[in-house]
file structure-v7.pdb (PDB, C-alpha atoms and all ligand atoms)
ATOM      1  CA  MET Q   1     -72.971 -53.562   3.723
ATOM      2  CA  MET Q   2     -73.165 -50.480   1.566
ATOM      3  CA  LYS Q   3     -76.408 -49.988  -0.322
ATOM      4  CA  GLU Q   4     -76.226 -49.599  -4.061
ATOM      5  CA  GLY Q   5     -76.134 -45.972  -5.082
ATOM      6  CA  MET Q   6     -74.740 -44.822  -1.730
ATOM      7  CA  MET Q   7     -71.322 -43.202  -1.909
ATOM      8  CA  ASP Q   8     -68.546 -44.429   0.352
ATOM      9  CA  GLU Q   9     -67.650 -41.514   2.673
ATOM     10  CA  ASN Q  10     -64.018 -41.779   1.503
ATOM     11  CA  GLU Q  11     -65.103 -41.329  -2.084
ATOM     12  CA  SER Q  12     -66.901 -38.016  -1.421
ATOM     13  CA  SER Q  13     -65.369 -35.203  -3.438
ATOM     14  CA  GLU Q  14     -66.074 -32.703  -0.667
ATOM     15  CA  LEU Q  15     -63.819 -32.204   2.296
ATOM     16  CA  THR Q  16     -65.491 -31.672   5.659
ATOM     17  CA  GLU Q  17     -64.830 -28.467   7.591
ATOM     18  CA  ASP Q  18     -62.567 -30.391  10.009
ATOM     19  CA  GLU Q  19     -60.536 -31.790   7.135
ATOM     20  CA  LYS Q  20     -60.150 -28.351   5.612
ATOM     21  CA  ARG Q  21     -58.916 -26.983   8.948
ATOM     22  CA  LEU Q  22     -56.399 -29.815   9.266
ATOM     23  CA  PHE Q  23     -55.226 -29.212   5.721
ATOM     24  CA  ALA Q  24     -54.907 -25.495   6.425
ATOM     25  CA  ASP Q  25     -52.743 -26.237   9.481
ATOM     26  CA  LEU Q  26     -50.423 -28.706   7.782
ATOM     27  CA  MET Q  27     -50.231 -27.498   4.180
ATOM     28  CA  PRO Q  28     -51.502 -23.888   4.159
ATOM     29  CA  GLU Q  29     -49.785 -23.005   0.884
ATOM     30  CA  ASP Q  30     -51.602 -25.842  -0.961
ATOM     31  CA  LEU Q  31     -55.062 -25.285   0.450
ATOM     32  CA  SER Q  32     -56.573 -22.941  -2.105
ATOM     33  CA  GLU Q  33     -55.213 -24.944  -5.049
ATOM     34  CA  ILE Q  34     -56.607 -28.160  -3.622
ATOM     35  CA  LEU Q  35     -60.006 -26.621  -3.001
ATOM     36  CA  ASP Q  36     -60.097 -25.088  -6.498
ATOM     37  CA  THR Q  37     -59.165 -28.272  -8.323
ATOM     38  CA  GLY Q  38     -61.197 -30.489  -6.013
ATOM     39  CA  VAL Q  39     -59.880 -33.449  -4.108
ATOM     40  CA  ASN Q  40     -61.574 -36.588  -2.932
ATOM     41  CA  ARG Q  41     -61.176 -37.864   0.560
ATOM     42  CA  ARG Q  42     -58.945 -40.758  -0.508
ATOM     43  CA  HIS Q  43     -56.489 -38.310  -2.065
ATOM     44  CA  PHE Q  44     -56.750 -36.154   1.035
ATOM     45  CA  LEU Q  45     -55.913 -39.094   3.329
ATOM     46  CA  LYS Q  46     -52.882 -39.953   1.202
ATOM     47  CA  LEU Q  47     -51.635 -36.374   1.414
ATOM     48  CA  MET Q  48     -52.154 -36.311   5.187
ATOM     49  CA  THR Q  49     -50.191 -39.535   5.570
ATOM     50  CA  LEU Q  50     -47.299 -38.073   3.587
ATOM     51  CA  ALA Q  51     -47.404 -34.789   5.530
ATOM     52  CA  GLY Q  52     -47.513 -36.657   8.858
ATOM     53  CA  GLY Q  53     -44.634 -38.883   7.749
ATOM     54  CA  GLY Q  54     -42.599 -35.804   6.858
ATOM     55  CA  ILE Q  55     -43.124 -34.263  10.280
ATOM     56  CA  LEU Q  56     -42.229 -37.554  11.981
ATOM     57  CA  ALA Q  57     -39.143 -37.893   9.814
ATOM     58  CA  ALA Q  58     -38.044 -34.348  10.712
ATOM     59  CA  GLN Q  59     -38.452 -35.077  14.436
ATOM     60  CA  SER Q  60     -36.596 -38.385  14.069
ATOM     61  CA  ALA Q  61     -33.765 -36.655  12.241
ATOM     62  CA  VAL Q  62     -33.339 -34.180  15.109
ATOM     63  CA  ALA Q  63     -33.466 -36.986  17.670
ATOM     64  CA  GLU Q  64     -30.859 -38.894  15.690
ATOM     65  CA  GLN Q  65     -28.593 -35.855  15.510
ATOM     66  CA  LEU Q  66     -29.029 -35.353  19.244
ATOM     67  CA  MET Q  67     -28.097 -38.886  20.162
ATOM     68  CA  THR Q  68     -25.776 -40.263  17.508
ATOM     69  CA  ARG Q  69     -23.472 -37.493  16.405
ATOM     70  CA  PRO Q  70     -20.053 -38.880  15.453
ATOM     71  CA  PHE Q  71     -17.202 -38.055  17.827
ATOM     72  CA  ASN Q  72     -15.271 -36.023  15.282
ATOM     73  CA  GLU Q  73     -18.165 -33.662  14.557
ATOM     74  CA  ALA Q  74     -18.378 -30.323  16.342
ATOM     75  CA  ALA Q  75     -21.188 -29.841  18.839
ATOM     76  CA  PRO Q  76     -24.324 -28.853  16.935
ATOM     77  CA  ALA Q  77     -25.730 -25.361  17.122
ATOM     78  CA  ASP Q  78     -28.702 -25.128  19.402
ATOM     79  CA  TYR Q  79     -31.962 -26.550  18.065
ATOM     80  CA  ALA Q  80     -35.186 -24.622  17.738
ATOM     81  CA  LEU Q  81     -37.607 -25.377  20.550
ATOM     82  CA  GLU Q  82     -40.297 -26.644  18.157
ATOM     83  CA  SER Q  83     -37.883 -29.068  16.448
ATOM     84  CA  ILE Q  84     -37.361 -31.076  19.647
ATOM     85  CA  GLU Q  85     -40.057 -33.280  21.033
ATOM     86  CA  ASN Q  86     -40.921 -32.124  24.586
ATOM     87  CA  GLY Q  87     -38.301 -29.340  24.236
ATOM     88  CA  VAL Q  88     -37.510 -27.115  27.211
ATOM     89  CA  ASN Q  89     -35.029 -24.289  27.592
ATOM     90  CA  VAL Q  90     -32.447 -24.608  30.320
ATOM     91  CA  SER Q  91     -29.760 -22.146  31.436
ATOM     92  CA  PHE Q  92     -26.971 -23.251  33.740
ATOM     93  CA  LYS Q  93     -23.267 -22.820  34.307
ATOM     94  CA  VAL Q  94     -20.898 -25.580  33.265
ATOM     95  CA  ASN Q  95     -17.298 -25.284  34.414
ATOM     96  CA  GLY Q  96     -17.726 -21.553  34.887
ATOM     97  CA  THR Q  97     -19.315 -20.897  31.479
ATOM     98  CA  ALA Q  98     -22.960 -19.906  31.146
ATOM     99  CA  ARG Q  99     -24.840 -22.300  28.843
ATOM    100  CA  LYS Q 100     -28.294 -21.954  27.368
ATOM    101  CA  LEU Q 101     -29.742 -24.981  25.625
ATOM    102  CA  THR Q 102     -32.981 -26.385  24.336
ATOM    103  CA  VAL Q 103     -33.220 -30.012  25.381
ATOM    104  CA  ASP Q 104     -35.753 -32.799  25.318
ATOM    105  CA  SER Q 105     -37.320 -32.650  28.784
ATOM    106  CA  ARG Q 106     -36.379 -36.328  29.238
ATOM    107  CA  MET Q 107     -32.699 -35.863  28.415
ATOM    108  CA  THR Q 108     -30.277 -36.646  31.233
ATOM    109  CA  LEU Q 109     -27.542 -34.276  32.296
ATOM    110  CA  LEU Q 110     -25.005 -36.952  31.320
ATOM    111  CA  ASP Q 111     -26.267 -37.123  27.728
ATOM    112  CA  THR Q 112     -26.499 -33.334  27.573
ATOM    113  CA  LEU Q 113     -22.881 -32.941  28.680
ATOM    114  CA  ARG Q 114     -21.600 -35.620  26.327
ATOM    115  CA  GLU Q 115     -23.816 -35.170  23.266
ATOM    116  CA  ARG Q 116     -24.600 -31.441  23.297
ATOM    117  CA  LEU Q 117     -21.652 -29.827  25.039
ATOM    118  CA  ASP Q 118     -18.858 -32.138  23.900
ATOM    119  CA  LEU Q 119     -17.819 -32.751  27.510
ATOM    120  CA  THR Q 120     -17.140 -36.471  27.232
ATOM    121  CA  GLY Q 121     -15.066 -36.776  30.404
ATOM    122  CA  SER Q 122     -18.088 -37.923  32.413
ATOM    123  CA  LYS Q 123     -18.598 -41.566  31.507
ATOM    124  CA  LYS Q 124     -21.697 -43.687  30.972
ATOM    125  CA  GLY Q 125     -20.959 -46.939  32.767
ATOM    126  CA  CYS Q 126     -24.343 -48.360  33.721
ATOM    127  CA  ASP Q 127     -26.794 -45.487  33.038
ATOM    128  CA  HIS Q 128     -28.681 -46.794  36.083
ATOM    129  CA  GLY Q 129     -27.120 -45.003  39.051
ATOM    130  CA  GLN Q 130     -25.054 -47.994  40.098
ATOM    131  CA  CYS Q 131     -21.428 -47.374  39.102
ATOM    132  CA  GLY Q 132     -20.595 -43.696  39.738
ATOM    133  CA  ALA Q 133     -18.727 -43.244  36.422
ATOM    134  CA  CYS Q 134     -20.993 -40.292  35.557
ATOM    135  CA  THR Q 135     -20.428 -38.386  38.820
ATOM    136  CA  VAL Q 136     -20.300 -34.588  38.473
ATOM    137  CA  ILE Q 137     -20.502 -31.812  41.042
ATOM    138  CA  ILE Q 138     -23.668 -29.717  41.125
ATOM    139  CA  ASN Q 139     -23.752 -26.713  43.454
ATOM    140  CA  GLY Q 140     -20.889 -28.311  45.406
ATOM    141  CA  HIS Q 141     -22.534 -31.733  45.838
ATOM    142  CA  ARG Q 142     -21.580 -34.909  44.024
ATOM    143  CA  VAL Q 143     -24.408 -36.109  41.827
ATOM    144  CA  LEU Q 144     -24.985 -38.973  39.388
ATOM    145  CA  SER Q 145     -25.555 -37.205  36.094
ATOM    146  CA  CYS Q 146     -27.189 -40.291  34.542
ATOM    147  CA  LEU Q 147     -30.028 -39.933  37.061
ATOM    148  CA  THR Q 148     -30.318 -36.156  36.747
ATOM    149  CA  LEU Q 149     -32.495 -34.497  34.126
ATOM    150  CA  ALA Q 150     -30.796 -31.597  32.362
ATOM    151  CA  ALA Q 151     -34.055 -29.658  32.694
ATOM    152  CA  SER Q 152     -33.716 -29.830  36.490
ATOM    153  CA  CYS Q 153     -30.380 -27.972  36.379
ATOM    154  CA  GLU Q 154     -31.915 -24.576  35.625
ATOM    155  CA  GLY Q 155     -29.829 -21.891  37.368
ATOM    156  CA  LYS Q 156     -27.367 -24.427  38.826
ATOM    157  CA  THR Q 157     -23.597 -24.684  38.673
ATOM    158  CA  VAL Q 158     -22.185 -27.890  37.238
ATOM    159  CA  GLN Q 159     -18.541 -28.907  37.488
ATOM    160  CA  THR Q 160     -17.192 -31.815  35.487
ATOM    161  CA  ILE Q 161     -13.763 -33.421  35.319
ATOM    162  CA  GLU Q 162     -12.887 -30.988  32.501
ATOM    163  CA  GLY Q 163     -13.364 -28.045  34.882
ATOM    164  CA  LEU Q 164     -11.154 -29.136  37.787
ATOM    165  CA  ALA Q 165      -7.736 -28.070  36.516
ATOM    166  CA  GLN Q 166      -6.803 -24.397  36.621
ATOM    167  CA  GLY Q 167      -5.037 -23.700  33.345
ATOM    168  CA  ASN Q 168      -2.038 -26.028  33.267
ATOM    169  CA  SER Q 169      -2.262 -26.851  36.971
ATOM    170  CA  LEU Q 170      -4.088 -30.031  37.806
ATOM    171  CA  HIS Q 171      -6.378 -30.211  40.828
ATOM    172  CA  PRO Q 172      -4.547 -31.743  43.843
ATOM    173  CA  VAL Q 173      -6.757 -34.847  43.617
ATOM    174  CA  GLN Q 174      -5.822 -35.282  39.942
ATOM    175  CA  GLU Q 175      -2.127 -34.907  40.866
ATOM    176  CA  ALA Q 176      -2.499 -37.496  43.619
ATOM    177  CA  PHE Q 177      -4.252 -39.994  41.306
ATOM    178  CA  LEU Q 178      -1.300 -39.687  38.929
ATOM    179  CA  LYS Q 179       1.281 -40.053  41.691
ATOM    180  CA  HIS Q 180      -0.469 -43.089  43.206
ATOM    181  CA  ASP Q 181      -1.450 -44.696  39.907
ATOM    182  CA  GLY Q 182      -5.100 -44.535  40.948
ATOM    183  CA  PHE Q 183      -6.386 -46.106  37.745
ATOM    184  CA  GLN Q 184      -5.843 -48.773  35.139
ATOM    185  CA  CYS Q 185      -8.185 -48.401  32.171
ATOM    186  CA  GLY Q 186      -9.269 -44.974  33.433
ATOM    187  CA  PHE Q 187     -12.961 -45.393  32.654
ATOM    188  CA  CYS Q 188     -14.108 -44.847  36.243
ATOM    189  CA  THR Q 189     -11.469 -42.192  36.952
ATOM    190  CA  PRO Q 190     -13.368 -38.951  36.074
ATOM    191  CA  GLY Q 191     -16.215 -40.078  38.335
ATOM    192  CA  GLN Q 192     -13.805 -41.187  41.085
ATOM    193  CA  ILE Q 193     -12.005 -37.834  41.021
ATOM    194  CA  CYS Q 194     -15.161 -35.674  40.959
ATOM    195  CA  SER Q 195     -16.586 -37.789  43.770
ATOM    196  CA  ALA Q 196     -13.364 -37.496  45.810
ATOM    197  CA  VAL Q 197     -13.197 -33.711  45.356
ATOM    198  CA  ALA Q 198     -16.757 -33.229  46.672
ATOM    199  CA  MET Q 199     -16.308 -35.923  49.351
ATOM    200  CA  LEU Q 200     -13.224 -34.187  50.790
ATOM    201  CA  ASP Q 201     -15.244 -30.995  50.927
ATOM    202  CA  GLU Q 202     -18.032 -32.816  52.788
ATOM    203  CA  ALA Q 203     -15.463 -34.111  55.281
ATOM    204  CA  LYS Q 204     -14.065 -30.593  55.761
ATOM    205  CA  LYS Q 205     -17.539 -29.396  56.628
ATOM    206  CA  GLY Q 206     -17.870 -32.198  59.184
ATOM    207  CA  HIS Q 207     -20.523 -34.261  57.362
ATOM    208  CA  LEU Q 208     -20.946 -37.695  58.938
ATOM    209  CA  SER Q 209     -20.719 -41.045  57.187
ATOM    210  CA  TYR Q 210     -22.007 -44.532  57.951
ATOM    211  CA  VAL Q 211     -18.704 -45.370  59.666
ATOM    212  CA  SER Q 212     -18.077 -42.087  61.514
ATOM    213  CA  GLU Q 213     -16.725 -43.079  64.933
ATOM    214  CA  THR Q 214     -19.038 -40.757  66.781
ATOM    215  CA  VAL Q 215     -22.098 -38.798  65.744
ATOM    216  CA  ARG Q 216     -21.428 -36.429  68.639
ATOM    217  CA  GLN Q 217     -18.191 -35.103  67.232
ATOM    218  CA  PRO Q 218     -17.855 -31.321  67.411
ATOM    219  CA  ALA Q 219     -18.680 -29.485  64.201
ATOM    220  CA  GLY Q 220     -15.574 -29.112  62.092
ATOM    221  CA  PRO Q 221     -13.420 -31.072  59.692
ATOM    222  CA  ALA Q 222     -13.679 -34.854  60.005
ATOM    223  CA  LYS Q 223     -10.454 -36.875  60.140
ATOM    224  CA  LEU Q 224     -10.845 -39.718  57.694
ATOM    225  CA  SER Q 225      -9.336 -43.178  58.141
ATOM    226  CA  ASN Q 226      -8.716 -45.279  55.036
ATOM    227  CA  GLU Q 227     -11.757 -47.318  56.030
ATOM    228  CA  GLU Q 228     -13.903 -44.206  56.100
ATOM    229  CA  ILE Q 229     -12.589 -43.052  52.708
ATOM    230  CA  ARG Q 230     -13.564 -46.469  51.315
ATOM    231  CA  GLU Q 231     -17.046 -46.130  52.786
ATOM    232  CA  ARG Q 232     -17.523 -42.573  51.555
ATOM    233  CA  MET Q 233     -16.316 -43.544  48.071
ATOM    234  CA  SER Q 234     -18.344 -46.766  47.914
ATOM    235  CA  GLY Q 235     -20.693 -45.388  45.250
ATOM    236  CA  ASN Q 236     -17.832 -45.347  42.752
ATOM    237  CA  ILE Q 237     -17.028 -48.763  41.350
ATOM    238  CA  CYS Q 238     -13.690 -49.582  39.723
ATOM    239  CA  ARG Q 239     -13.847 -52.717  37.620
ATOM    240  CA  CYS Q 240     -10.039 -52.717  37.383
ATOM    241  CA  GLY Q 241      -9.801 -52.906  41.173
ATOM    242  CA  ALA Q 242      -7.510 -49.902  41.619
ATOM    243  CA  TYR Q 243      -9.042 -49.291  45.065
ATOM    244  CA  PRO Q 244      -5.841 -49.367  47.223
ATOM    245  CA  ASN Q 245      -4.231 -46.739  44.978
ATOM    246  CA  ILE Q 246      -7.380 -44.622  44.853
ATOM    247  CA  VAL Q 247      -7.627 -44.628  48.661
ATOM    248  CA  ALA Q 248      -3.917 -43.762  48.999
ATOM    249  CA  ALA Q 249      -4.351 -40.820  46.609
ATOM    250  CA  ILE Q 250      -7.369 -39.469  48.451
ATOM    251  CA  GLN Q 251      -5.719 -39.981  51.864
ATOM    252  CA  GLU Q 252      -2.671 -38.002  50.745
ATOM    253  CA  VAL Q 253      -4.813 -35.014  49.738
ATOM    254  CA  HIS Q 254      -6.959 -35.320  52.864
ATOM    255  CA  SER Q 255      -4.078 -35.591  55.341
ATOM    256  CA  GLY Q 256      -1.744 -33.241  53.499
ATOM    257  CA  LYS Q 257       1.078 -35.699  54.246
ATOM    258  CA  PRO Q 258       2.864 -38.011  51.818
ATOM    259  CA  VAL Q 259       1.358 -41.492  51.714
ATOM    260  CA  GLU Q 260       3.377 -44.510  50.643
ATOM    261  CA  GLN Q 261       2.728 -45.484  47.035
ATOM    262  CA  VAL Q 262       0.937 -48.820  47.403
ATOM    263  CA  PHE Q 263       2.035 -50.159  44.009
ATOM    264  CA  ARG Q 264       5.703 -49.786  45.008
ATOM    265  CA  SER Q 265       5.296 -51.780  48.208
ATOM    266  CA  VAL Q 266       3.756 -54.929  46.667
TER     267      VAL Q 266
HETATM  268  S1  LIG G 301     -23.466 -44.238  34.569
HETATM  269 FE1  LIG G 301     -24.341 -43.113  36.183
HETATM  270  S2  LIG G 301     -24.065 -44.395  37.896
HETATM  271 FE2  LIG G 301     -23.341 -45.594  36.252
HETATM  272  S1  LIG G 302      -9.511 -47.847  36.312
HETATM  273 FE1  LIG G 302     -10.630 -49.200  35.061
HETATM  274  S2  LIG G 302     -12.582 -49.148  35.940
HETATM  275 FE2  LIG G 302     -11.398 -48.044  37.343
END

call {"tool": "encode", "arguments": {"input": "structure-v7.pdb", "output": "structure tokens", "more": "lines below"}}
Ligand code: FES
Ligand code: FES
result
Amino acid sequence: MMKEGMMDENESSELTEDEKRLFADLMPEDLSEILDTGVNRRHFLKLMTLAGGGILAAQSAVAEQLMTRPFNEAAPADYALESIENGVNVSFKVNGTARKLTVDSRMTLLDTLRERLDLTGSKKGCDHGQCGACTVIINGHRVLSCLTLAASCEGKTVQTIEGLAQGNSLHPVQEAFLKHDGFQCGFCTPGQICSAVAMLDEAKKGHLSYVSETVRQPAGPAKLSNEEIRERMSGNICRCGAYPNIVAAIQEVHSGKPVEQVFRSV
């Protein structure tokens, strides 16, 4: 209980040295005026709450712009490092173009591609590394971009579905997906195609899979059966069940020979 005659600390008209320093940090232009006119601690606390709320609101506004920009709005200019919570600078190549961005250190590559670079081809299916819809190619390897932090891509080369075609010429795997009707809704298709492109490269280099017939095979291109293509593509889920057509498309590119169009034979 406060004794009569004692002043509540919050009612003191004097600011402590710590409070003055805090004021100087947050509202330097108001400091001298406040000190000249005098301010009690209750007023000071109110001002600090408002200043803190303003800073929080500014950070929230940036976060909102980062995550919820409407589709028809152009990609935002880069944000200042101090305006992003946990901001880090990252430089990497995306589809042959050098990119330099400031991102929240917790931002995934998938969100960075979609929300900051307007590359919405890579899809967010599960955001948990379970469906493969977000597959992109980093330094030649297929990678789940929903499980990859953008900050970890410093100096790397990223290829997305948007970067596979050369001018007006589609990549052979894209051509084959069209010919074999390797999709229905198309949601999984960018991930399927990026995965297939990198997988065929792995097979060319002789990488083994769980169903490789022999682990003693001589180094060199692996010959893939349809079963092995299914196994190697098993990280890419298609909820429409276009698997027979997807396998036919990949087999045609792999073998270099025409493969019967499955949908015509049923
Ligand atoms: S969204 Fe990345 S694996 Fe599903
Ligand atoms: S085509 Fe619809 S999910 Fe694969």

call {"tool": "residues_near_ligand", "arguments": {"input": "structure-v7.pdb", "ligand": "ligand LIG 301 (chain G)", "cutoff": "6 Å", "atoms": "only C-alpha atoms and all ligand atoms", "output": "PyMOL selection string"}}
result
chain Q and resi 124-134+144+146

call {"tool": "residues_around", "arguments": {"input": "structure-v7.pdb", "residues": "range 254-262 of chain Q", "least_positions_apart": "3", "cutoff": "12 Å", "atoms": "only C-alpha atoms", "output": "MDAnalysis selection string"}}
result
chainID Q and resid 172:173 176:182 196:204 221:226 228:229 242:251 265:266

call {"tool": "resolve_selection", "arguments": {"input": "structure-v7.pdb", "expression": "the PyMOL selection byres (((not hetatm)) within 7 of (chain G and resi 302))", "output": "number ranges by chain"}}
result
Q: 183-189, 237-242

call {"tool": "write_last_selection", "arguments": {"input": "structure-v7.pdb", "atoms": "C-alpha atoms", "output": "CSV table (one decimal), keeping the file's coordinate frame"}}
result
chain,number,residue,atom,x,y,z
Q,183,PHE,CA,-6.4,-46.1,37.7
Q,184,GLN,CA,-5.8,-48.8,35.1
Q,185,CYS,CA,-8.2,-48.4,32.2
Q,186,GLY,CA,-9.3,-45.0,33.4
Q,187,PHE,CA,-13.0,-45.4,32.7
Q,188,CYS,CA,-14.1,-44.8,36.2
Q,189,THR,CA,-11.5,-42.2,37.0
Q,237,ILE,CA,-17.0,-48.8,41.4
Q,238,CYS,CA,-13.7,-49.6,39.7
Q,239,ARG,CA,-13.8,-52.7,37.6
Q,240,CYS,CA,-10.0,-52.7,37.4
Q,241,GLY,CA,-9.8,-52.9,41.2
Q,242,ALA,CA,-7.5,-49.9,41.6

call {"tool": "residues_around", "arguments": {"input": "structure-v7.pdb", "residues": "Lys100 in chain Q", "least_positions_apart": "5", "cutoff": "9 Å", "atoms": "only C-alpha atoms", "output": "VMD selection string"}}
result
chain Q and resid 78 89 to 93

call {"tool": "atom_distance", "arguments": {"input": "structure-v7.pdb", "atom1": "CA of Val136 in chain Q", "atom2": "CA of Glu85 in chain Q"}}
result
26.4 Å

call {"tool": "atom_distance", "arguments": {"input": "structure-v7.pdb", "atom1": "CA of Ser145 in chain Q", "atom2": "CA of Ile84 in chain Q"}}
result
21.2 Å

call {"tool": "axis_aligned_box", "arguments": {"input": "structure-v7.pdb", "around": "range 181-188 of chain Q", "padding_each_side": "6 Å", "output": "lines of an AutoDock Vina configuration file"}}
result
center_x = -7.8
center_y = -46.7
center_z = 36.6
size_x = 24.7
size_y = 16.2
size_z = 20.8

call {"tool": "atom_distance", "arguments": {"input": "structure-v7.pdb", "atom1": "CA of Glu175 in chain Q", "atom2": "CA of Val253 in chain Q"}}
result
9.3 Å

call {"tool": "residues_around", "arguments": {"input": "structure-v7.pdb", "residues": "Ile138 in chain Q", "least_positions_apart": "5", "cutoff": "9 Å", "atoms": "all atoms listed in the file", "output": "ChimeraX atom specification"}}
result
/Q:143,153,156-160

call {"tool": "residues_around", "arguments": {"input": "structure-v7.pdb", "residues": "Val211 in chain Q", "least_positions_apart": "5", "cutoff": "9 Å", "atoms": "all atoms listed in the file", "output": "VMD selection string"}}
result
chain Q and resid 227 to 228 231 to 232

call {"tool": "residues_around", "arguments": {"input": "structure-v7.pdb", "residues": "Val88 in chain Q", "least_positions_apart": "5", "cutoff": "9 Å", "atoms": "all atoms listed in the file", "output": "MDAnalysis selection string"}}
result
chainID Q and resid 81 101:105 151
